[in-house]
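Asker: Contents of final_28.pdb (PDB, C-alpha atoms and all ligand atoms) are below:
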```pdb
MODEL        1
ATOM      1  CA  MET G   4       0.000   0.000   0.000
ATOM      2  CA  GLY G   5       1.213   3.467  -0.890
ATOM      3  CA  THR G   6       0.115   6.829   0.474
ATOM      4  CA  ARG G   7       0.010   9.062  -2.596
ATOM      5  CA  LEU G   8      -3.798   9.390  -2.395
ATOM      6  CA  GLU G   9      -4.186   8.911   1.342
ATOM      7  CA  GLY G  10      -7.255  10.708   2.729
ATOM      8  CA  LYS G  11      -8.766  11.256  -0.729
ATOM      9  CA  VAL G  12     -12.029  10.009  -2.160
ATOM     10  CA  ALA G  13     -11.892   9.090  -5.861
ATOM     11  CA  VAL G  14     -14.828   8.445  -8.200
ATOM     12  CA  ILE G  15     -13.899   6.239 -11.164
ATOM     13  CA  VAL G  16     -16.524   6.208 -13.907
ATOM     14  CA  GLY G  17     -16.098   3.159 -16.130
ATOM     15  CA  ALA G  18     -14.367   1.076 -13.457
ATOM     16  CA  GLY G  19     -15.276  -2.259 -15.000
ATOM     17  CA  GLN G  20     -13.923  -3.495 -18.299
ATOM     18  CA  SER G  21     -14.805  -5.305 -21.503
ATOM     19  CA  ALA G  22     -14.339  -9.071 -21.155
ATOM     20  CA  GLY G  23     -10.954 -10.488 -22.136
ATOM     21  CA  GLU G  24      -7.601 -11.748 -20.906
ATOM     22  CA  THR G  25      -5.897  -8.386 -20.416
ATOM     23  CA  MET G  26      -6.658  -5.566 -17.989
ATOM     24  CA  GLY G  27      -8.857  -2.578 -18.926
ATOM     25  CA  ASN G  28      -7.786   1.002 -18.211
ATOM     26  CA  GLY G  29     -10.553   1.807 -15.708
ATOM     27  CA  ARG G  30     -10.057  -1.333 -13.634
ATOM     28  CA  ALA G  31      -6.282  -0.794 -13.432
ATOM     29  CA  THR G  32      -6.834   2.830 -12.401
ATOM     30  CA  ALA G  33      -9.353   1.898  -9.700
ATOM     31  CA  ILE G  34      -6.950  -0.694  -8.266
ATOM     32  CA  THR G  35      -4.023   1.765  -8.431
ATOM     33  CA  PHE G  36      -5.940   4.594  -6.709
ATOM     34  CA  ALA G  37      -7.058   2.224  -3.937
ATOM     35  CA  ARG G  38      -3.533   0.846  -3.495
ATOM     36  CA  GLU G  39      -2.365   4.422  -2.937
ATOM     37  CA  GLY G  40      -4.847   4.917  -0.109
ATOM     38  CA  ALA G  41      -7.913   6.448  -1.778
ATOM     39  CA  ALA G  42     -11.438   5.468  -0.821
ATOM     40  CA  VAL G  43     -12.913   4.588  -4.206
ATOM     41  CA  VAL G  44     -16.407   4.951  -5.638
ATOM     42  CA  LEU G  45     -16.564   2.558  -8.572
ATOM     43  CA  VAL G  46     -19.132   3.245 -11.295
ATOM     44  CA  ASP G  47     -20.074   1.120 -14.295
ATOM     45  CA  ARG G  48     -23.180   0.103 -16.199
ATOM     46  CA  ASP G  49     -22.070  -3.552 -16.083
ATOM     47  CA  PRO G  50     -22.701  -4.850 -12.531
ATOM     48  CA  GLU G  51     -20.686  -8.056 -12.910
ATOM     49  CA  SER G  52     -17.589  -6.357 -14.224
ATOM     50  CA  LEU G  53     -17.952  -3.667 -11.561
ATOM     51  CA  ALA G  54     -18.115  -6.305  -8.828
ATOM     52  CA  GLU G  55     -15.010  -8.012 -10.232
ATOM     53  CA  THR G  56     -13.049  -4.747  -9.967
ATOM     54  CA  ALA G  57     -14.250  -4.333  -6.373
ATOM     55  CA  ARG G  58     -13.171  -7.925  -5.655
ATOM     56  CA  GLN G  59      -9.655  -7.172  -6.913
ATOM     57  CA  ILE G  60      -9.275  -4.183  -4.601
ATOM     58  CA  ASP G  61      -7.663  -5.055  -1.357
ATOM     59  CA  GLY G  62      -7.779  -1.746   0.427
ATOM     60  CA  PRO G  63      -9.890   0.903   2.115
ATOM     61  CA  ALA G  64     -13.521   1.792   1.449
ATOM     62  CA  VAL G  65     -15.034   0.593  -1.827
ATOM     63  CA  THR G  66     -18.471   1.756  -2.965
ATOM     64  CA  GLN G  67     -20.113   0.274  -6.062
ATOM     65  CA  VAL G  68     -22.583   2.270  -8.160
ATOM     66  CA  VAL G  69     -24.310   0.631 -11.116
ATOM     67  CA  ALA G  70     -25.190   3.469 -13.491
ATOM     68  CA  ASP G  71     -25.304   4.340 -17.171
ATOM     69  CA  VAL G  72     -23.372   7.598 -17.325
ATOM     70  CA  ALA G  73     -25.112   8.503 -20.601
ATOM     71  CA  ALA G  74     -28.612   8.218 -19.091
ATOM     72  CA  ASP G  75     -30.405  11.485 -18.325
ATOM     73  CA  ASP G  76     -30.081  10.981 -14.566
ATOM     74  CA  GLY G  77     -26.703   9.125 -14.760
ATOM     75  CA  PRO G  78     -24.278  11.907 -13.737
ATOM     76  CA  ASP G  79     -26.503  13.251 -10.947
ATOM     77  CA  ARG G  80     -27.019   9.748  -9.547
ATOM     78  CA  ILE G  81     -23.268   9.066  -9.594
ATOM     79  CA  VAL G  82     -22.391  12.317  -7.815
ATOM     80  CA  ALA G  83     -25.219  11.856  -5.265
ATOM     81  CA  ALA G  84     -24.054   8.304  -4.481
ATOM     82  CA  ALA G  85     -20.486   9.487  -3.868
ATOM     83  CA  VAL G  86     -21.686  12.348  -1.656
ATOM     84  CA  ASP G  87     -23.956   9.952   0.275
ATOM     85  CA  ALA G  88     -21.081   7.551   0.873
ATOM     86  CA  HIS G  89     -18.338  10.031   1.765
ATOM     87  CA  GLY G  90     -19.797  13.535   2.072
ATOM     88  CA  GLY G  91     -17.945  14.583  -1.076
ATOM     89  CA  PHE G  92     -14.949  13.579  -3.194
ATOM     90  CA  ASP G  93     -11.568  14.905  -4.342
ATOM     91  CA  ILE G  94     -10.948  13.086  -7.620
ATOM     92  CA  LEU G  95     -13.157  12.365 -10.629
ATOM     93  CA  HIS G  96     -11.710   9.966 -13.186
ATOM     94  CA  ASN G  97     -13.754   9.785 -16.409
ATOM     95  CA  ASN G  98     -12.737   6.562 -18.182
ATOM     96  CA  VAL G  99     -15.860   5.644 -20.166
ATOM     97  CA  GLY G 100     -15.339   5.473 -23.925
ATOM     98  CA  ILE G 101     -16.811   3.369 -26.727
ATOM     99  CA  GLY G 102     -16.004   2.909 -30.401
ATOM    100  CA  ALA G 103     -18.451   0.305 -31.724
ATOM    101  CA  GLY G 104     -20.669   1.468 -34.586
ATOM    102  CA  ASP G 105     -18.100   3.935 -35.955
ATOM    103  CA  GLY G 106     -16.809   4.292 -39.518
ATOM    104  CA  PRO G 107     -15.361   6.758 -42.009
ATOM    105  CA  PRO G 108     -17.417   9.952 -42.378
ATOM    106  CA  HIS G 109     -19.136   8.763 -45.585
ATOM    107  CA  HIS G 110     -20.362   5.525 -43.972
ATOM    108  CA  LEU G 111     -21.089   6.653 -40.436
ATOM    109  CA  THR G 112     -24.798   6.493 -39.578
ATOM    110  CA  ASP G 113     -26.727   9.082 -37.565
ATOM    111  CA  ASP G 114     -27.280   6.492 -34.841
ATOM    112  CA  GLY G 115     -23.585   5.541 -34.721
ATOM    113  CA  TYR G 116     -22.565   9.188 -34.503
ATOM    114  CA  ASP G 117     -25.139  10.016 -31.812
ATOM    115  CA  LEU G 118     -24.286   7.036 -29.609
ATOM    116  CA  ILE G 119     -20.528   7.614 -29.631
ATOM    117  CA  MET G 120     -20.833  11.367 -29.111
ATOM    118  CA  ASP G 121     -23.404  10.876 -26.319
ATOM    119  CA  VAL G 122     -21.343   8.342 -24.380
ATOM    120  CA  ASN G 123     -17.827   9.700 -24.978
ATOM    121  CA  LEU G 124     -18.414  13.455 -24.869
ATOM    122  CA  ARG G 125     -21.883  14.560 -23.750
ATOM    123  CA  ALA G 126     -21.905  12.209 -20.757
ATOM    124  CA  MET G 127     -18.398  13.323 -19.739
ATOM    125  CA  TRP G 128     -19.370  16.983 -19.909
ATOM    126  CA  ARG G 129     -22.553  16.319 -17.878
ATOM    127  CA  THR G 130     -20.566  14.321 -15.270
ATOM    128  CA  CYS G 131     -18.060  17.157 -14.911
ATOM    129  CA  ARG G 132     -20.923  19.660 -14.631
ATOM    130  CA  ALA G 133     -22.458  17.628 -11.809
ATOM    131  CA  ALA G 134     -19.108  17.095 -10.044
ATOM    132  CA  VAL G 135     -17.626  20.590 -10.218
ATOM    133  CA  PRO G 136     -19.748  22.131  -7.402
ATOM    134  CA  VAL G 137     -18.768  19.249  -5.093
ATOM    135  CA  LEU G 138     -15.064  19.636  -5.919
ATOM    136  CA  ARG G 139     -15.226  23.425  -5.498
ATOM    137  CA  ALA G 140     -16.988  23.031  -2.138
ATOM    138  CA  ARG G 141     -14.155  20.722  -1.079
ATOM    139  CA  GLY G 142     -11.683  23.573  -1.689
ATOM    140  CA  GLY G 143     -10.133  21.913  -4.738
ATOM    141  CA  GLY G 144      -9.666  18.608  -6.473
ATOM    142  CA  ALA G 145      -8.664  16.878  -9.674
ATOM    143  CA  ILE G 146     -10.502  15.661 -12.753
ATOM    144  CA  VAL G 147      -8.773  13.241 -15.118
ATOM    145  CA  ASN G 148     -10.495  12.718 -18.468
ATOM    146  CA  ILE G 149      -9.571   9.786 -20.685
ATOM    147  CA  SER G 150      -9.177  11.019 -24.243
ATOM    148  CA  SER G 151      -7.242   9.189 -26.974
ATOM    149  CA  LEU G 152      -4.328   9.699 -29.302
ATOM    150  CA  ALA G 153      -7.027   9.445 -31.993
ATOM    151  CA  ALA G 154      -7.940  13.029 -31.051
ATOM    152  CA  ILE G 155      -4.741  14.274 -32.699
ATOM    153  CA  ALA G 156      -3.760  11.403 -35.021
ATOM    154  CA  ALA G 157      -5.192  10.077 -38.276
ATOM    155  CA  ALA G 158      -8.203   7.865 -37.481
ATOM    156  CA  GLY G 159      -9.960   7.486 -40.836
ATOM    157  CA  ASN G 160     -12.293   4.668 -39.829
ATOM    158  CA  GLN G 161     -13.201   6.249 -36.519
ATOM    159  CA  ALA G 162     -14.813   9.546 -37.473
ATOM    160  CA  ALA G 163     -17.126   9.823 -34.464
ATOM    161  CA  TYR G 164     -14.572   8.458 -31.981
ATOM    162  CA  LYS G 165     -11.970  10.981 -33.165
ATOM    163  CA  LEU G 166     -14.469  13.846 -32.989
ATOM    164  CA  SER G 167     -15.619  12.829 -29.521
ATOM    165  CA  LYS G 168     -12.060  12.608 -28.191
ATOM    166  CA  ALA G 169     -11.086  15.932 -29.794
ATOM    167  CA  GLY G 170     -14.102  17.256 -27.900
ATOM    168  CA  VAL G 171     -12.785  15.701 -24.684
ATOM    169  CA  ASN G 172      -9.519  17.613 -25.197
ATOM    170  CA  ALA G 173     -11.397  20.879 -25.754
ATOM    171  CA  LEU G 174     -13.666  20.218 -22.764
ATOM    172  CA  THR G 175     -10.584  19.578 -20.616
ATOM    173  CA  HIS G 176      -9.049  22.920 -21.587
ATOM    174  CA  THR G 177     -12.295  24.807 -20.934
ATOM    175  CA  LEU G 178     -12.851  23.150 -17.568
ATOM    176  CA  ALA G 179      -9.218  23.764 -16.567
ATOM    177  CA  ILE G 180      -9.520  27.479 -17.214
ATOM    178  CA  THR G 181     -12.944  27.947 -15.642
ATOM    179  CA  ASN G 182     -12.007  26.029 -12.492
ATOM    180  CA  ALA G 183      -8.413  27.112 -11.898
ATOM    181  CA  LYS G 184      -9.296  29.806  -9.375
ATOM    182  CA  HIS G 185     -11.275  27.179  -7.421
ATOM    183  CA  ARG G 186      -8.187  24.939  -7.346
ATOM    184  CA  VAL G 187      -9.925  22.226  -9.319
ATOM    185  CA  ARG G 188      -7.332  20.886 -11.772
ATOM    186  CA  VAL G 189      -8.532  19.271 -14.990
ATOM    187  CA  ASN G 190      -6.228  17.191 -17.194
ATOM    188  CA  ALA G 191      -6.634  14.558 -19.881
ATOM    189  CA  ILE G 192      -4.709  11.454 -20.855
ATOM    190  CA  MET G 193      -4.402  10.478 -24.509
ATOM    191  CA  PRO G 194      -3.616   6.749 -24.527
ATOM    192  CA  GLY G 195      -2.008   5.359 -27.670
ATOM    193  CA  PHE G 196      -2.113   1.629 -28.446
ATOM    194  CA  ILE G 197      -2.996  -0.010 -25.119
ATOM    195  CA  ASP G 198      -3.428  -3.786 -24.874
ATOM    196  CA  THR G 199      -7.002  -3.830 -23.534
ATOM    197  CA  PRO G 200      -9.773  -6.211 -24.633
ATOM    198  CA  MET G 201     -11.919  -3.311 -25.875
ATOM    199  CA  ALA G 202      -9.195  -2.318 -28.344
ATOM    200  CA  VAL G 203      -7.358  -5.514 -29.293
ATOM    201  CA  ASP G 204      -9.991  -8.259 -29.032
ATOM    202  CA  ALA G 205     -12.599  -6.085 -30.749
ATOM    203  CA  LEU G 206     -10.200  -5.317 -33.617
ATOM    204  CA  ALA G 207      -9.297  -9.000 -33.951
ATOM    205  CA  ARG G 208     -12.994  -9.871 -34.200
ATOM    206  CA  ALA G 209     -13.601  -7.115 -36.770
ATOM    207  CA  LEU G 210     -10.652  -8.279 -38.901
ATOM    208  CA  ASP G 211     -11.519 -11.950 -38.316
ATOM    209  CA  THR G 212      -7.996 -12.684 -37.162
ATOM    210  CA  ASP G 213      -6.108 -13.718 -34.062
ATOM    211  CA  ARG G 214      -5.599 -11.227 -31.189
ATOM    212  CA  ASP G 215      -1.848 -12.020 -31.197
ATOM    213  CA  ILE G 216      -1.567 -10.828 -34.800
ATOM    214  CA  VAL G 217      -3.356  -7.576 -33.971
ATOM    215  CA  ALA G 218      -1.213  -7.127 -30.861
ATOM    216  CA  GLU G 219       1.986  -7.675 -32.871
ATOM    217  CA  ARG G 220       0.974  -5.129 -35.532
ATOM    218  CA  ARG G 221       0.094  -2.527 -32.925
ATOM    219  CA  ALA G 222       3.353  -3.076 -31.033
ATOM    220  CA  ALA G 223       5.328  -2.617 -34.243
ATOM    221  CA  ALA G 224       3.754   0.839 -34.739
ATOM    222  CA  VAL G 225       4.999   2.105 -31.370
ATOM    223  CA  PRO G 226       8.507   3.645 -31.121
ATOM    224  CA  LEU G 227       9.083   1.967 -27.735
ATOM    225  CA  GLY G 228       8.357  -1.355 -29.443
ATOM    226  CA  ARG G 229       5.398  -2.544 -27.409
ATOM    227  CA  GLN G 230       1.772  -1.751 -26.732
ATOM    228  CA  GLY G 231       1.017   0.048 -23.495
ATOM    229  CA  THR G 232      -0.723  -1.727 -20.648
ATOM    230  CA  ALA G 233      -3.618  -0.459 -18.587
ATOM    231  CA  TRP G 234      -1.081   0.051 -15.770
ATOM    232  CA  ASP G 235       0.778   2.592 -17.907
ATOM    233  CA  VAL G 236      -2.446   4.601 -18.177
ATOM    234  CA  ALA G 237      -3.258   4.084 -14.479
ATOM    235  CA  ASN G 238       0.174   5.346 -13.376
ATOM    236  CA  ALA G 239      -0.243   8.527 -15.435
ATOM    237  CA  ALA G 240      -3.721   9.018 -13.956
ATOM    238  CA  LEU G 241      -2.329   8.500 -10.451
ATOM    239  CA  PHE G 242       0.230  11.255 -10.986
ATOM    240  CA  LEU G 243      -2.318  13.707 -12.424
ATOM    241  CA  ALA G 244      -4.833  12.961  -9.653
ATOM    242  CA  SER G 245      -2.264  13.289  -6.854
ATOM    243  CA  ASP G 246      -0.909  16.423  -5.186
ATOM    244  CA  GLU G 247       2.388  15.782  -7.007
ATOM    245  CA  ALA G 248       0.644  17.416  -9.995
ATOM    246  CA  ALA G 249      -0.530  20.415  -7.930
ATOM    247  CA  PHE G 250       0.777  22.914 -10.533
ATOM    248  CA  ILE G 251      -0.501  21.009 -13.574
ATOM    249  CA  THR G 252      -3.839  21.781 -15.176
ATOM    250  CA  GLY G 253      -5.131  21.826 -18.744
ATOM    251  CA  VAL G 254      -2.557  19.267 -19.902
ATOM    252  CA  LEU G 255      -3.283  16.646 -22.578
ATOM    253  CA  LEU G 256      -0.786  13.927 -21.651
ATOM    254  CA  ALA G 257       0.015  11.355 -24.330
ATOM    255  CA  VAL G 258       0.703   7.887 -22.889
ATOM    256  CA  ASP G 259       1.694   6.308 -26.149
ATOM    257  CA  GLY G 260       5.250   4.947 -26.204
ATOM    258  CA  GLY G 261       6.324   7.805 -28.483
ATOM    259  CA  GLN G 262       3.616   7.549 -31.154
ATOM    260  CA  SER G 263       2.738  11.242 -30.965
ATOM    261  CA  ALA G 264       6.422  12.202 -31.239
ATOM    262  CA  ARG G 265       6.479  10.352 -34.544
ATOM    263  CA  ILE G 266       3.382  12.264 -35.700
ATOM    264  CA  GLY G 267       5.141  15.529 -34.867
TER     265      GLY G 267
HETATM  266  N1  LIG F 301      -7.342   0.552 -25.229
HETATM  267  C1  LIG F 301      -6.820   1.480 -25.997
HETATM  268  O1  LIG F 301      -5.956   1.217 -26.852
HETATM  269  C2  LIG F 301      -7.271   2.905 -25.835
HETATM  270  C3  LIG F 301      -6.629   3.886 -26.585
HETATM  271  C4  LIG F 301      -7.032   5.200 -26.448
HETATM  272  C5  LIG F 301      -8.047   5.528 -25.559
HETATM  273  N2  LIG F 301      -8.663   4.568 -24.840
HETATM  274  C6  LIG F 301      -9.746   4.963 -23.928
HETATM  275  O2  LIG F 301      -9.590   4.350 -22.660
HETATM  276  C7  LIG F 301     -10.871   4.203 -22.044
HETATM  277  C8  LIG F 301     -11.057   2.784 -21.544
HETATM  278  O3  LIG F 301     -10.737   1.887 -22.550
HETATM  279  P1  LIG F 301     -10.700   0.325 -22.299
HETATM  280  O4  LIG F 301     -10.070  -0.246 -23.502
HETATM  281  O5  LIG F 301     -10.119   0.029 -20.968
HETATM  282  O6  LIG F 301     -12.310   0.001 -22.335
HETATM  283  P2  LIG F 301     -13.251  -0.980 -21.536
HETATM  284  O7  LIG F 301     -14.438  -1.205 -22.414
HETATM  285  O8  LIG F 301     -12.518  -2.198 -21.043
HETATM  286  O9  LIG F 301     -13.702  -0.129 -20.262
HETATM  287  C9  LIG F 301     -14.705   0.829 -20.310
HETATM  288  C10 LIG F 301     -15.717   0.583 -19.199
HETATM  289  O10 LIG F 301     -16.734   1.572 -19.349
HETATM  290  C11 LIG F 301     -17.997   0.959 -19.169
HETATM  291  N3  LIG F 301     -19.025   1.729 -19.859
HETATM  292  C12 LIG F 301     -19.213   1.854 -21.201
HETATM  293  N4  LIG F 301     -20.279   2.636 -21.442
HETATM  294  C13 LIG F 301     -20.758   3.021 -20.243
HETATM  295  C14 LIG F 301     -21.848   3.832 -19.851
HETATM  296  N5  LIG F 301     -22.666   4.409 -20.742
HETATM  297  N6  LIG F 301     -22.070   4.027 -18.524
HETATM  298  C15 LIG F 301     -21.271   3.440 -17.599
HETATM  299  N7  LIG F 301     -20.224   2.649 -17.916
HETATM  300  C16 LIG F 301     -19.978   2.447 -19.227
HETATM  301  C17 LIG F 301     -17.853  -0.437 -19.718
HETATM  302  O11 LIG F 301     -18.836  -1.309 -19.162
HETATM  303  C18 LIG F 301     -16.427  -0.789 -19.308
HETATM  304  O12 LIG F 301     -16.406  -1.421 -18.037
HETATM  305  C19 LIG F 301     -11.892   4.637 -23.099
HETATM  306  O13 LIG F 301     -12.274   5.975 -22.879
HETATM  307  C20 LIG F 301     -11.121   4.528 -24.395
HETATM  308  O14 LIG F 301     -11.625   5.378 -25.408
HETATM  309  C21 LIG F 301      -8.302   3.255 -24.967
ENDMDL
END
```
Please express the file's structure as structure tokens.
Answerer:
Amino acid sequence: MGTRLEGKVAVIVGAGQSAGETMGNGRATAITFAREGAAVVLVDRDPESLAETARQIDGPAVTQVVADVAADDGPDRIVAAAVDAHGGFDILHNNVGIGAGDGPPHHLTDDGYDLIMDVNLRAMWRTCRAAVPVLRARGGGAIVNISSLAAIAAAGNQAAYKLSKAGVNALTHTLAITNAKHRVRVNAIMPGFIDTPMAVDALARALDTDRDIVAERRAAAVPLGRQGTAWDVANAALFLASDEAAFITGVLLAVDGGQSARIG
């Protein structure tokens, strides 16, 4: 057990994960925050996956909230549950993101566009809107938004995903500026190729090939020569959420093994 988040309450939205052999970003972050002493409020729409994350946490207080963050009452329910459990919170980690139903702009359907934008961007904005008064009342806090390298890189077959994540970057900047005087810091992480089931297994299914082949191709595209793991994302989130990052707000941190350096 570490102490980097001792005394803090952290809400992790999207704390479960898609099924598969490897670890998802939200689950790794929830485990990491708890290991560093935070009381964690775990939120996911999938109760079984949520419970599995809670089971893997061997630490202080764990609260589970089953909620769809994109539902009309989702963000308010999540914030109310965290306030009920702990009287407030210090950290909001927005991990939820989906990509299914996407395509290039000329093939993307209205429904595909609406779903991805609603879940990835609108729901994140609404969650931040609900959380900001609680964080301000606490005298400060940290929001970490999970964006994607797709926000700044070519992503031809992911028109809605790219747009939504570019929106996450813009939202992060706006929130950082409007909350700085309240000492609420707002940063984003742009993961590159991370070896999670949602990314690798889904791509393997779409290409009708083996996950190892997809994993190998992705690793070869990364300057550091490997895909990232969910722990790489979790460690970056831990830093941004902790007081070690007290002078950092409005940053879009690439966790990508050098991919963005190659883009320029
Ligand atoms: N894996 C990568 O290579 C990669 C790269 C860039 C960005 N990201 C981002 O990282 C984040 C997590 O990715 P992951 O691969 O770990 O995904 P994941 O699917 O394993 O985890 C996401 C979790 O969010 C939950 N969720 C989805 N919609 C929800 C909703 N409406 N309400 C509540 N919960 C909901 C899912 O049930 C799941 O437990 C996403 O934002 C994704 O865009 C991933």
Asker: Could you tell me, counting only C-alpha atoms and all ligand atoms, which protein and nucleic acid residues lie no more than 8 Å from ligand LIG 301 (chain F), written as a PyMOL selection string?
Answerer: chain G and resi 16-22+26-30+46-49+52-53+69-74+77+97-102+122-123+126+149-153+164+168+193-203+231+233
Asker: Tell me which residues the PyMOL selection byres (((chain G and resi 176) around 8) and not hetatm) grabs here, as a ChimeraX atom specification.
Answerer: /G:172-175,177-180,189-190,253-254
Asker: Per residue of region 80-175 of chain G within 12 Å of region 208-213 of chain G, which atom pair is closest and at what distance in Å (one decimal), using all atoms listed in the file, listed by chain and increasing number, as a Markdown table?
Answerer:
```
| residue | atom | partner | partner_atom | distance |
| --- | --- | --- | --- | --- |
| G:Ala103 | CA | G:Ala209 | CA | 10.2 |
| G:Gly104 | CA | G:Ala209 | CA | 11.3 |
| G:Asp105 | CA | G:Ala209 | CA | 12.0 |
```
Asker: Translate the PyMOL selection byres (((chain G and resi 108) around 9) and not hetatm), as applied to the file shown, into an explicit residue set as a VMD selection string.
Answerer: chain G and resid 105 to 107 109 to 112 159 to 163
Asker: Skipping near chain neighbours, those fewer than 3 positions away, what residues fall within 8 Å of Ile266 (chain G) using only C-alpha atoms, listed as a count of residues only?
Answerer: 3
Asker: Suppose you want the space between CA of Pro226 (chain G) and CA of Asn238 (chain G); what is it in Å?
Answerer: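 Here the two named atoms are 19.7 Å from each other.
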Asker: For CA of Leu227 (chain G) and CA of Gly267 (chain G), determine how far apart the two atoms are, in Å to one decimal place.
Answerer: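 These two atoms are separated by 15.8 Å.
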Asker: Could you check which residues have any atom within 9 Å of (-18.7, 16.5, -10.2), counting all atoms listed in the file with coordinates taken straight from the file, and then list them as a compact mmCIF listing (two decimals) with C-alpha atoms, in the coordinates of the input?
Answerer:
```txt
# COMPACT_ATOMS: atom_id res chain seq x y z
CA PRO G 78 -24.28 11.91 -13.74
CA ASP G 79 -26.50 13.25 -10.95
CA ILE G 81 -23.27 9.07 -9.59
CA VAL G 82 -22.39 12.32 -7.82
CA PHE G 92 -14.95 13.58 -3.19
CA ILE G 94 -10.95 13.09 -7.62
CA LEU G 95 -13.16 12.36 -10.63
CA ARG G 129 -22.55 16.32 -17.88
CA THR G 130 -20.57 14.32 -15.27
CA CYS G 131 -18.06 17.16 -14.91
CA ARG G 132 -20.92 19.66 -14.63
CA ALA G 133 -22.46 17.63 -11.81
CA ALA G 134 -19.11 17.10 -10.04
CA VAL G 135 -17.63 20.59 -10.22
CA PRO G 136 -19.75 22.13 -7.40
CA VAL G 137 -18.77 19.25 -5.09
CA LEU G 138 -15.06 19.64 -5.92
CA ILE G 146 -10.50 15.66 -12.75
```
Asker: For each of G:Ala42, G:Ile119, G:Ala249, G:Ala31, take the minimum atom-to-atom distance to Gly10 (chain G), counting only C-alpha atoms, then give the residue where this is smallest.
Answerer: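 When distances to Gly10 (chain G) are compared using only C-alpha atoms, the smallest one comes from G:Ala42.
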Asker: What separation in Å, quoted to one decimal, exists between CA of Thr232 (chain G) and CA of Val12 (chain G)?
Answerer: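 Straight-line distance from CA of Thr232 (chain G) to CA of Val12 (chain G) works out to 24.6 Å.
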Asker: Do a neighbour search on Ala13 (chain G) at 9 Å with all atoms listed in the file, toss out local chain neighbours closer than 2 positions, and write the hits as a list in words.
Answerer: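 Residues meeting the cut-off are Leu8, Lys11, Ile15, Ala33, Phe36, Ala37, Ala41, Ala42, Val43, Val44, Leu45, Ala85, Phe92, Asp93, Ile94, Leu95, His96 and Ala244 of chain G.
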Asker: Using the chain letters and numbering of this document, enumerate as a PyMOL selection string the residues selected by the PyMOL selection byres (((chain G and resi 5) around 9) and not hetatm).
Answerer: chain G and resi 4+6-9+37-40
